[in-house]
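Here the structure comes first, spelled out in structure tokens, and everything after it is commentary.
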Amino acid sequence: MPASFRSWLKSLPPSRAAAMAVLALLLLWLPCVMRGADSYVTIDDNLDAEINIPYVLHQVGVVLDYRPGTTLPPIMDGLPRSAVRPGLSVTVGLFGLLSPLAAYWVNQLMVRAVALLGIFCLLRRYVWPEPENTVLAASTALAWAVLPTYTMYGLSALGTPWPLLAVLNLRAGRGRWFDWLVLLFFPLWSSLVLAGAFIVAGLGAFLLVNALRARQLAWSAWAGLLVLTLSYAVVEWPLLRSVFVQPEFVPHRVEFRLAELAPAGLLAGVRSTVQFFLWGQYHSSRFFHGVVLLVVAMAAWQFRSRTGSKTIGEGLRPVAVLLLVLLALAVFCGFYPQLMTPVQRVLPALGAFNLTRFHFLTPLLWFGVLVLALRLLPSAKLRLGFVGLQLALGLLSNLEWLYNARMWLNRPTAHEPTWRQYVAPALFTAIRQELEQRQQAPASAWRVACLGFPPAVAQLNGFYTLDSYQNNYPLQYKHRFRPIIAGELAKSPELRRYYDAWGNRCYVVAAELGKNFREGRNEQAVVNDFRFDAVTFRQMGGQYLLSAARLATPNQTGLQLIKQYSDPTAYWQVYLYEVIPQ
């Protein structure tokens, strides 16, 4: 690197360095955005579960309708409004302004840009305030912003530097109006149940430890934490009211028995612990932590070489503390399903809460380990080199970015369809329009269910489905729906556990398909023995079954084939079955 260029980098103002990092982020995401409808969007727990909710909220006009009894008719024949996202959400708002795909990418770019600026400000204030470290801070912020995460959850994972920065500023007496605004508005772009409660708990634990060590309370910081908590209460009021104040329904989550879904035993717990520690959890951010651990090892070696000591000194103590916290969280998450078994015998309803979501804090803790270890390295080139390595690892771990990049190289990933192929608007619009003509009524007047593909696909195309993938819905509905698929559950212990001990995927299933909810048209799937309770289905308002697999003997289950649909742009081939009138 020429000396003149190095001098220019060292003299770069913080604002310009941050702007360049944001520009680099946007350029990195061009391979995704420029593909338009032919881009790849994360499917599991995202396109099959999250994007349809804000879309439906706007379609039926109940975004801010918090009245008890308000429902979403297109989902599960009237999913309670309080069971889904709050209307006071930046993400939900974007879906009211843009088409679903455009809203998704705009939301993602905004989340990543805001996250980059948050950790950059945190690093500049408390880690690398020196002018010569401005580029290092900006590069580290870029490495943070490209991490794989579910951006439909807003700032729940990548945005965590912002409330930490605000609380640190208030604790140090540096708090300004902007810090209060951060704590006030952060809940508008994050999730209370996924991350908010754990962010509040984590910050509270941090302030408590600090108070015990300093023997004084930082009242401004505690007041800031109270503002954050109350803001979450306002934003998530429909959910809190329906659970604690005026219960609208018993959630299906009270029947969660996670121990039945996870392997039991010490070895299984250890294996899960190692996975949590070395890779993290995919909802918050799943990437290999090897680069961070390599930096820690390098820092320990260089520290020992400089000091002549064979023990971890003062400089490495904060790193060791954070690693111990991360290890403790990994052990807790790894053994959580087994730990819950005896607890649920005493308090069954506690199973409805997922306490492992402390993992939304772990990406920031790992980057805390990274930057504290980088500070101990004497070479600026070495520090920047490790940050570059982490940046590359983050991009390659981000499957959404990687799959889109592969498509530009004409090397698409098998069984990972694009938005156009997965949502298949041309295919499903044709089906819906023909059914509306057949019924002489709009889609809102009749109900369908799906087999072999997620109901979210149908919902995004204007269908009203009896089935859906939901994190929260009435237990009574789960019990009403079960007879429809009871025959198939009886044939498969795996599917029976999957539904009875969890049930978020309230789907029509077939034992012959197993847990494959993506039956592409090229697979030519056939279900030879399909046990389907058409009577119960009809009683619940169901009239049509949209199936990605052909049923060999539909008449034996009270169904008749109406038509087979196919489209060259669609991932699916759909067989339309109607319940035979009794």
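Starting from 1 in every chain, residues are counted up; chains themselves are A, B, ... following the order of the structure tokens, and ligands are numbered from 1 as listed.
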For this session: Could you give me, as number ranges by chain, the residues within 9 Å of region 579-582 of chain A, counting only C-alpha atoms and dropping anything in the same chain fewer than 5 positions from it?
Result: A: 534-535, 537-538, 542-545, 555, 557-560
For this session: Skip Asn107 (chain A) itself and residues of its chain fewer than 2 positions away, then list as a PyMOL selection string all residues within 10 Å of it, counting only C-alpha atoms.
Result: chain A and resi 90-95+101-105+109-113+151-154
Export of the given selection (N, CA, C and O atoms) as a compact mmCIF listing (two decimals), in the first residue's frame:
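Generated output (out17.txt):
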```txt
# COMPACT_ATOMS: atom_id res chain seq x y z
N VAL A 90 -41.62 -0.19 11.71
CA VAL A 90 -41.05 0.34 10.48
C VAL A 90 -41.19 -0.68 9.35
O VAL A 90 -41.55 -0.34 8.22
N THR A 91 -40.93 -1.92 9.66
CA THR A 91 -41.01 -2.97 8.65
C THR A 91 -42.42 -3.10 8.10
O THR A 91 -42.62 -3.16 6.89
N VAL A 92 -43.41 -3.14 8.99
CA VAL A 92 -44.81 -3.23 8.54
C VAL A 92 -45.18 -2.01 7.71
O VAL A 92 -45.86 -2.13 6.68
N GLY A 93 -44.72 -0.84 8.12
CA GLY A 93 -45.01 0.38 7.38
C GLY A 93 -44.49 0.34 5.95
O GLY A 93 -45.17 0.80 5.02
N LEU A 94 -43.31 -0.21 5.75
CA LEU A 94 -42.73 -0.29 4.41
C LEU A 94 -43.60 -1.13 3.48
O LEU A 94 -43.69 -0.85 2.28
N PHE A 95 -44.23 -2.18 4.01
CA PHE A 95 -45.08 -3.04 3.19
C PHE A 95 -46.37 -2.33 2.78
O PHE A 95 -47.06 -2.79 1.88
N LEU A 101 -41.75 -7.52 -2.40
CA LEU A 101 -40.32 -7.73 -2.67
C LEU A 101 -39.53 -6.45 -2.49
O LEU A 101 -38.45 -6.46 -1.90
N ALA A 102 -40.04 -5.34 -3.01
CA ALA A 102 -39.35 -4.06 -2.85
C ALA A 102 -39.25 -3.69 -1.37
O ALA A 102 -38.20 -3.21 -0.91
N ALA A 103 -40.33 -3.90 -0.63
CA ALA A 103 -40.31 -3.59 0.80
C ALA A 103 -39.28 -4.44 1.52
O ALA A 103 -38.59 -3.96 2.44
N TYR A 104 -39.16 -5.70 1.10
CA TYR A 104 -38.19 -6.59 1.74
C TYR A 104 -36.77 -6.09 1.55
O TYR A 104 -35.99 -6.01 2.51
N TRP A 105 -36.40 -5.76 0.31
CA TRP A 105 -35.02 -5.34 0.05
C TRP A 105 -34.73 -3.96 0.63
O TRP A 105 -33.64 -3.71 1.15
N LEU A 109 -31.74 -3.30 3.34
CA LEU A 109 -30.66 -2.33 3.16
C LEU A 109 -30.67 -1.28 4.26
O LEU A 109 -29.61 -0.88 4.76
N MET A 110 -31.85 -0.84 4.66
CA MET A 110 -31.95 0.14 5.74
C MET A 110 -31.46 -0.44 7.06
O MET A 110 -30.72 0.21 7.81
N VAL A 111 -31.86 -1.68 7.35
CA VAL A 111 -31.43 -2.33 8.60
C VAL A 111 -29.91 -2.44 8.64
O VAL A 111 -29.27 -2.09 9.64
N ARG A 112 -29.32 -2.90 7.54
CA ARG A 112 -27.87 -3.09 7.52
C ARG A 112 -27.13 -1.76 7.58
O ARG A 112 -26.08 -1.65 8.24
N ALA A 113 -27.63 -0.73 6.91
CA ALA A 113 -26.98 0.57 6.95
C ALA A 113 -27.05 1.19 8.34
O ALA A 113 -26.06 1.72 8.86
N THR A 151 -33.45 -10.04 8.57
CA THR A 151 -33.71 -8.60 8.66
C THR A 151 -35.20 -8.28 8.74
O THR A 151 -35.56 -7.13 9.00
N MET A 152 -36.08 -9.27 8.52
CA MET A 152 -37.50 -9.02 8.74
C MET A 152 -37.78 -8.77 10.21
O MET A 152 -38.83 -8.23 10.57
N TYR A 153 -36.84 -9.13 11.08
CA TYR A 153 -36.97 -8.80 12.51
C TYR A 153 -36.43 -7.41 12.80
O TYR A 153 -36.27 -7.03 13.96
N GLY A 154 -36.11 -6.65 11.77
CA GLY A 154 -35.63 -5.29 11.95
C GLY A 154 -34.25 -5.25 12.58
O GLY A 154 -33.34 -5.99 12.20
```
For this session: Write out as a ChimeraX atom specification all residues of region 139-188 of chain A that DSSP puts in helix (DSSP H, G or I) for this structure's backbone.
Result: /A:139-145,151-153,161-171,177-188
For this session: Quick one: pull the distance between CA of Ala443 (chain A) and CA of Phe428 (chain A), Å, one decimal.
Result: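 So the answer is 12.0 Å.
Distances from A:Ile199, A:Ala299, A:Val209, A:Leu466 to Ile75 (chain A) were compared using only C-alpha atoms, and the smallest one belongs to A:Leu466.
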Exercise. Smallest atom-to-atom distance to Trp237 (chain A): which of A:Leu30, A:Leu192, A:Val295, A:Leu165, using only C-alpha atoms?
Worked result: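 Result for the nearest residue to Trp237 (chain A): A:Leu192.
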Exercise. Would you give me, as number ranges by chain, the residues in region 46-83 of chain A that DSSP reads as strand (DSSP E)?
Worked result: A: 71-72, 79-80
Exercise. What's the 7 Å shell around Ala552 (chain A), counting only C-alpha atoms, without same-chain residues fewer than 6 positions away, as a ChimeraX atom specification?
Worked result: /A:526-528
For this session: Would you mind listing what lies within 12 Å of Val167 (chain A) as a PyMOL selection string, with only C-alpha atoms counted and same-chain residues fewer than 2 positions away left out?
Result: chain A and resi 122+160-165+169-176+178-184+199-200+202-204+206-207+218-228
Atoms kept (N, CA and C atoms) for selection, written as a tab-separated table (two decimals), in the first residue's frame:
```
chain	number	residue	atom	x	y	z
A	122	LEU	N	-20.36	3.29	18.11
A	122	LEU	CA	-19.96	2.62	19.35
A	122	LEU	C	-18.45	2.43	19.40
A	160	THR	N	-28.39	-4.02	17.80
A	160	THR	CA	-28.12	-3.98	19.25
A	160	THR	C	-27.04	-2.98	19.68
A	161	PRO	N	-26.09	-2.59	18.81
A	161	PRO	CA	-25.14	-1.56	19.26
A	161	PRO	C	-25.80	-0.24	19.63
A	162	TRP	N	-26.93	0.08	19.04
A	162	TRP	CA	-27.56	1.37	19.32
A	162	TRP	C	-28.04	1.51	20.77
A	163	PRO	N	-28.86	0.59	21.31
A	163	PRO	CA	-29.24	0.77	22.72
A	163	PRO	C	-28.05	0.65	23.66
A	164	LEU	N	-27.05	-0.17	23.34
A	164	LEU	CA	-25.86	-0.26	24.18
A	164	LEU	C	-25.12	1.07	24.19
A	165	LEU	N	-24.96	1.68	23.03
A	165	LEU	CA	-24.29	2.97	22.95
A	165	LEU	C	-25.04	4.03	23.76
A	169	ASN	N	-23.55	5.93	27.03
A	169	ASN	CA	-23.44	7.40	27.07
A	169	ASN	C	-24.14	7.96	28.30
A	170	LEU	N	-25.31	7.44	28.62
A	170	LEU	CA	-26.04	7.92	29.79
A	170	LEU	C	-25.31	7.55	31.08
A	171	ARG	N	-24.73	6.37	31.11
A	171	ARG	CA	-23.98	5.95	32.29
A	171	ARG	C	-22.77	6.83	32.52
A	172	ALA	N	-22.12	7.24	31.43
A	172	ALA	CA	-20.91	8.05	31.54
A	172	ALA	C	-21.20	9.54	31.68
A	173	GLY	N	-22.48	9.92	31.71
A	173	GLY	CA	-22.83	11.33	31.82
A	173	GLY	C	-22.69	12.09	30.52
A	174	ARG	N	-22.59	11.34	29.40
A	174	ARG	CA	-22.45	11.99	28.09
A	174	ARG	C	-23.76	12.00	27.32
A	175	GLY	N	-24.81	11.56	27.96
A	175	GLY	CA	-26.07	11.40	27.27
A	175	GLY	C	-26.62	12.70	26.73
A	176	ARG	N	-27.11	12.64	25.51
A	176	ARG	CA	-27.76	13.79	24.88
A	176	ARG	C	-29.15	13.37	24.40
A	178	PHE	N	-30.21	12.70	21.57
A	178	PHE	CA	-30.24	11.63	20.59
A	178	PHE	C	-30.25	10.26	21.27
A	179	ASP	N	-29.55	10.12	22.39
A	179	ASP	CA	-29.53	8.83	23.10
A	179	ASP	C	-30.91	8.47	23.61
A	180	TRP	N	-31.64	9.47	24.09
A	180	TRP	CA	-33.00	9.22	24.56
A	180	TRP	C	-33.91	8.82	23.39
A	181	LEU	N	-33.69	9.46	22.23
A	181	LEU	CA	-34.50	9.12	21.05
A	181	LEU	C	-34.22	7.68	20.60
A	182	VAL	N	-32.95	7.27	20.67
A	182	VAL	CA	-32.61	5.89	20.30
A	182	VAL	C	-33.40	4.91	21.15
A	183	LEU	N	-33.39	5.12	22.46
A	183	LEU	CA	-34.09	4.20	23.36
A	183	LEU	C	-35.61	4.29	23.19
A	184	LEU	N	-36.09	5.45	22.81
A	184	LEU	CA	-37.52	5.63	22.62
A	184	LEU	C	-38.02	4.96	21.35
A	199	ILE	N	-32.69	-7.91	25.35
A	199	ILE	CA	-31.86	-6.71	25.33
A	199	ILE	C	-32.03	-5.94	26.63
A	200	VAL	N	-33.27	-5.79	27.07
A	200	VAL	CA	-33.54	-5.11	28.35
A	200	VAL	C	-32.88	-5.87	29.50
A	202	GLY	N	-30.32	-7.96	29.34
A	202	GLY	CA	-28.87	-7.88	29.22
A	202	GLY	C	-28.33	-6.54	29.66
A	203	LEU	N	-28.99	-5.46	29.25
A	203	LEU	CA	-28.55	-4.13	29.68
A	203	LEU	C	-28.76	-3.95	31.18
A	204	GLY	N	-29.85	-4.49	31.70
A	204	GLY	CA	-30.08	-4.40	33.14
A	204	GLY	C	-29.01	-5.13	33.94
A	206	PHE	N	-25.96	-5.71	32.93
A	206	PHE	CA	-24.73	-4.92	32.78
A	206	PHE	C	-24.70	-3.74	33.77
A	207	LEU	N	-25.83	-3.02	33.86
A	207	LEU	CA	-25.88	-1.88	34.78
A	207	LEU	C	-25.82	-2.32	36.23
A	218	ALA	N	-26.05	4.50	38.29
A	218	ALA	CA	-26.08	5.49	37.21
A	218	ALA	C	-27.55	5.74	36.87
A	219	TRP	N	-28.14	6.71	37.57
A	219	TRP	CA	-29.58	6.91	37.47
A	219	TRP	C	-30.03	7.23	36.05
A	220	SER	N	-29.24	7.99	35.31
A	220	SER	CA	-29.63	8.33	33.94
A	220	SER	C	-29.72	7.08	33.07
A	221	ALA	N	-28.76	6.16	33.25
A	221	ALA	CA	-28.78	4.93	32.47
A	221	ALA	C	-29.99	4.07	32.81
A	222	TRP	N	-30.31	3.98	34.11
A	222	TRP	CA	-31.49	3.22	34.52
A	222	TRP	C	-32.76	3.87	33.99
A	223	ALA	N	-32.79	5.19	33.97
A	223	ALA	CA	-33.95	5.89	33.41
A	223	ALA	C	-34.07	5.61	31.92
A	224	GLY	N	-32.92	5.56	31.23
A	224	GLY	CA	-32.94	5.22	29.81
A	224	GLY	C	-33.46	3.82	29.57
A	225	LEU	N	-33.06	2.89	30.43
A	225	LEU	CA	-33.55	1.52	30.31
A	225	LEU	C	-35.06	1.47	30.54
A	226	LEU	N	-35.55	2.28	31.45
A	226	LEU	CA	-36.99	2.35	31.69
A	226	LEU	C	-37.72	2.89	30.47
A	227	VAL	N	-37.14	3.90	29.81
A	227	VAL	CA	-37.74	4.44	28.59
A	227	VAL	C	-37.82	3.36	27.51
A	228	LEU	N	-36.75	2.59	27.37
A	228	LEU	CA	-36.74	1.49	26.39
A	228	LEU	C	-37.84	0.48	26.71
```
Exercise. Which is closer to Leu47 (chain A) than all the others in A:Tyr571, A:Trp419, A:Trp128, A:Phe244, using only C-alpha atoms?
Worked result: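 Of all the options, A:Trp419 lies closest to Leu47 (chain A).
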Problem set entry | One-decimal distance in Å that lies between CA of Ser566 (chain A) and CA of Gln440 (chain A) |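 So the answer is 23.3 Å.
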Problem set entry | Contact residues around Arg521 (chain A) with only C-alpha atoms at 12 Å, ignoring same-chain residues under 6 positions, as a PyMOL selection string | chain A and resi 415+417+421-422+452-453+547-550+564-575
Exercise. With only C-alpha atoms as the atoms that count, which of A:Val508, A:Ile431, A:Val292, A:Ala264 lies nearest to Lys478 (chain A)?
Worked result: A:Val508
Exercise. Hey, what's within 9 Å of region 374-380 of chain A if we count only C-alpha atoms and toss same-chain stuff fewer than 5 positions away? As a PyMOL selection string, please?
Worked result: chain A and resi 127-128+133+136+295-296+298-300+302-303+315-316+369+385-387
Exercise. Which residue gives the smallest distance to Val60 (chain A) among A:Glu488, A:Tyr150, A:Pro554, A:Gly96, with only C-alpha atoms counted?
Worked result: A:Gly96
For this session: Rank A:Ser156, A:Asn472, A:Gln439, A:Thr429 by their smallest atom-to-atom distance to Arg85 (chain A), using only C-alpha atoms, and report the top residue only.
Result: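 With only C-alpha atoms as the atom set, the closest residue is A:Asn472.
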